[in-house]
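Heads up: the structure comes next, in structure tokens.
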Amino acid sequence: MSSAALASKTAQFDQKAGIQPEDRAKIAGELGKVLADSYMLFIKTQGVHWNVVGPTFYSLHKLTEEHYENLHAAIDEIAERIRALGEKAPASYRKYGELSDIQDYDLEQSAEAHVRMLIDDHRTAVKSMRDAIEWCEDKKDFVTADMLIERMSWHEEAIWMLNSIIADK
């Protein structure tokens with residue numbers, strides 16, 4: 001970005017809140033990845049909700065509904081934080097596919113395989129958030145770090161719940 005474009009952008013979004021313009025752009029970029037991971041996980045969780053079968057149907061159907069509703073709310077919160085930092089929030093399936101480490105998957109599989117897939121995807125989201133949190137804290141963006149810590153905590157609880165469904169003991 002040219003210095004004139006950065007200056008124009010800075011004038012429009014400079015909140016005089018102690019985060020440098022180049023740091024806001026980097027933080028927004030990290031949040032874009034978290035947003036993409038969240039959106040991909042939202043889609044996959046909703047797919048499990050619709051398509052799961054077997055003895056665990058009811059419990060998985062209810063749990064995945066709670067999860068995709070939570071993810072839906074988080075997607076909006078993350079995108080709004082990107083905008084508050086003065087950047088454009090990514091908003092296309094193509095862009096989410098580029099940014100996310102969560103792979104698209106739409107094959108018929110067992111309930112246990114669905115659960116294992118979601119566990120792996122939540123773990124991927126947590127890793128992205130952990131990296132972003134460290135960067136945000138280093139740049140003194142505690143608002144974004146706090147939001148991501150809360151999200152990461154929810155994802156870790158989701159991993160625990162999903163693991164409990166497929167545990168042998």
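Chain lettering (A, B, ...) mirrors the order of the structure tokens, residue numbering begins at 1 for each chain separately, and ligand numbering begins at 1 in order of display.
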
What are the closest atom pairs, with distances in Å to one decimal, for all residues of segment 50-75 of chain A lying within 12 Å of segment 112-125 of chain A? Consider only C-alpha atoms, order rows by chain and residue number, and present the result as a tab-separated table.
```
residue	atom	partner	partner_atom	distance
A:Trp50	CA	A:His114	CA	11.4
A:Asn51	CA	A:His114	CA	9.3
A:Val52	CA	A:His114	CA	7.5
A:Val53	CA	A:Glu112	CA	9.9
A:Gly54	CA	A:Glu112	CA	9.5
A:Pro55	CA	A:Glu112	CA	10.6
A:Thr56	CA	A:Glu112	CA	9.0
A:Phe57	CA	A:Glu112	CA	10.6
A:Ser59	CA	A:Val115	CA	11.7
A:Leu60	CA	A:Val115	CA	8.5
A:His61	CA	A:Val115	CA	11.3
A:Leu63	CA	A:Val115	CA	10.8
A:Thr64	CA	A:Leu118	CA	9.7
A:His67	CA	A:Leu118	CA	10.5
A:Tyr68	CA	A:Leu118	CA	11.4
A:Leu71	CA	A:His122	CA	11.0
```

Backbone DSSP call of alpha helix (DSSP H) for chain A, listed as a PyMOL selection string | chain A and resi 3-13+21-51+57-84+93-99+111-138+142-166

Can you list, as a PyMOL selection string, every protein, DNA or RNA residue that comes within 12 Å of Glu134 of chain A when you count only C-alpha atoms, leaving out same-chain residues fewer than 6 positions away?
-> chain A and resi 27+30+127-128+140-142+144-146+148-149

Taking only C-alpha atoms into account, produce a table as CSV in which each residue of segment 32-72 of chain A with an atom at most 7 Å from an atom of segment 99-107 of chain A appears once, together with its shortest atom pair and the distance in Å to one decimal, ordered by chain and rising number.
```
residue,atom,partner,partner_atom,distance
A:Lys33,CA,A:Leu99,CA,5.2
A:Ala36,CA,A:Ser100,CA,5.2
A:Asp37,CA,A:Ser100,CA,5.0
A:Met40,CA,A:Ile102,CA,6.5
```

Which neighbours of segment 155-159 of chain A fall inside 7 Å, counting only C-alpha atoms, when residues of the same chain fewer than 3 positions from it are skipped, and could you give them as a VMD selection string?
-> chain A and resid 119 122 126 151 to 152 162 to 163

The selected residues should be written to file as an mmCIF file, in the first residue's frame (atoms: all heavy atoms).
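Output below, filename result-v2.cif:
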```cif
data_model
loop_
_atom_site.group_PDB
_atom_site.id
_atom_site.type_symbol
_atom_site.label_atom_id
_atom_site.label_comp_id
_atom_site.auth_asym_id
_atom_site.auth_seq_id
_atom_site.Cartn_x
_atom_site.Cartn_y
_atom_site.Cartn_z
ATOM 1 N N ILE A 119 -13.804 -32.320 15.474
ATOM 2 C CA ILE A 119 -12.755 -32.144 16.481
ATOM 3 C C ILE A 119 -11.501 -31.590 15.818
ATOM 4 O O ILE A 119 -10.906 -30.614 16.295
ATOM 5 C CB ILE A 119 -12.457 -33.476 17.206
ATOM 6 C CG1 ILE A 119 -13.634 -33.866 18.113
ATOM 7 C CG2 ILE A 119 -11.157 -33.375 18.016
ATOM 8 C CD1 ILE A 119 -13.564 -35.304 18.634
ATOM 9 N N HIS A 122 -12.043 -27.926 14.866
ATOM 10 C CA HIS A 122 -11.978 -27.031 16.029
ATOM 11 C C HIS A 122 -10.524 -26.833 16.457
ATOM 12 O O HIS A 122 -10.125 -25.715 16.814
ATOM 13 C CB HIS A 122 -12.804 -27.582 17.198
ATOM 14 C CG HIS A 122 -14.264 -27.313 17.091
ATOM 15 N ND1 HIS A 122 -14.822 -26.083 17.397
ATOM 16 C CD2 HIS A 122 -15.295 -28.109 16.714
ATOM 17 C CE1 HIS A 122 -16.131 -26.142 17.219
ATOM 18 N NE2 HIS A 122 -16.442 -27.355 16.796
ATOM 19 N N VAL A 126 -8.467 -23.329 16.789
ATOM 20 C CA VAL A 126 -7.772 -22.927 18.023
ATOM 21 C C VAL A 126 -6.326 -22.535 17.721
ATOM 22 O O VAL A 126 -5.829 -21.537 18.248
ATOM 23 C CB VAL A 126 -7.848 -24.044 19.090
ATOM 24 C CG1 VAL A 126 -6.867 -23.791 20.232
ATOM 25 C CG2 VAL A 126 -9.271 -24.171 19.636
ATOM 26 N N ARG A 151 -13.288 -16.794 22.308
ATOM 27 C CA ARG A 151 -13.619 -17.741 21.232
ATOM 28 C C ARG A 151 -12.831 -19.035 21.382
ATOM 29 O O ARG A 151 -13.369 -20.125 21.228
ATOM 30 C CB ARG A 151 -13.324 -17.135 19.849
ATOM 31 C CG ARG A 151 -14.188 -15.996 19.437
ATOM 32 C CD ARG A 151 -15.676 -16.320 19.366
ATOM 33 N NE ARG A 151 -15.955 -17.570 18.695
ATOM 34 C CZ ARG A 151 -16.995 -18.368 18.998
ATOM 35 N NH1 ARG A 151 -17.834 -18.051 19.944
ATOM 36 N NH2 ARG A 151 -17.188 -19.489 18.322
ATOM 37 N N MET A 152 -11.547 -18.907 21.685
ATOM 38 C CA MET A 152 -10.703 -20.091 21.825
ATOM 39 C C MET A 152 -11.214 -20.972 22.969
ATOM 40 O O MET A 152 -11.253 -22.202 22.840
ATOM 41 C CB MET A 152 -9.253 -19.678 22.063
ATOM 42 C CG MET A 152 -8.289 -20.841 21.992
ATOM 43 S SD MET A 152 -6.562 -20.316 22.009
ATOM 44 C CE MET A 152 -6.433 -19.596 23.630
ATOM 45 N N LEU A 162 -17.243 -32.899 22.054
ATOM 46 C CA LEU A 162 -17.223 -33.828 20.920
ATOM 47 C C LEU A 162 -16.402 -35.079 21.242
ATOM 48 O O LEU A 162 -16.807 -36.195 20.913
ATOM 49 C CB LEU A 162 -16.701 -33.122 19.668
ATOM 50 C CG LEU A 162 -17.629 -32.061 19.088
ATOM 51 C CD1 LEU A 162 -16.880 -31.164 18.118
ATOM 52 C CD2 LEU A 162 -18.841 -32.701 18.426
ATOM 53 N N ASN A 163 -15.268 -34.893 21.897
ATOM 54 C CA ASN A 163 -14.455 -36.045 22.315
ATOM 55 C C ASN A 163 -15.226 -36.947 23.258
ATOM 56 O O ASN A 163 -15.103 -38.174 23.198
ATOM 57 C CB ASN A 163 -13.155 -35.574 23.007
ATOM 58 C CG ASN A 163 -11.998 -35.478 22.048
ATOM 59 O OD1 ASN A 163 -11.826 -36.312 21.175
ATOM 60 N ND2 ASN A 163 -11.194 -34.441 22.223
#
```

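Minimum atom-to-atom distances from A:Ser153, A:Asn70, A:Ser92, A:Gln20 to Thr45 of chain A were compared using only C-alpha atoms, and the lowest value belongs to A:Asn70.
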
With only C-alpha atoms as the basis for distance, which of A:Tyr96, A:Trp154, A:Tyr39, A:Trp160 is at the shortest distance from Ile78 of chain A?
-> A:Tyr39

Could you tell me which of A:Ile43, A:Ile165, A:Ala74, A:Ala89 comes closest to Glu150 of chain A if we count only C-alpha atoms?
-> A:Ala74

The residue from A:Phe42, A:Gly97, A:His49, A:Leu35 with the smallest atom-to-atom distance to His72 of chain A, counting only C-alpha atoms, is A:Phe42

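Minimum atom-to-atom distances from A:Lys44, A:Glu22, A:Gly32, A:Met161 to Lys95 of chain A were compared using only C-alpha atoms, and the lowest value belongs to A:Gly32.
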
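Reported to one decimal place, the separation of atom CA of Val143 of chain A from atom CA of Tyr93 of chain A is 27.1 Å.
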
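Relative to atom CA of Met147 of chain A, atom CA of Ala91 of chain A is found at 20.0 Å.
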
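Atom CA of Ala73 of chain A is found 21.6 Å from atom CA of Cys136 of chain A.
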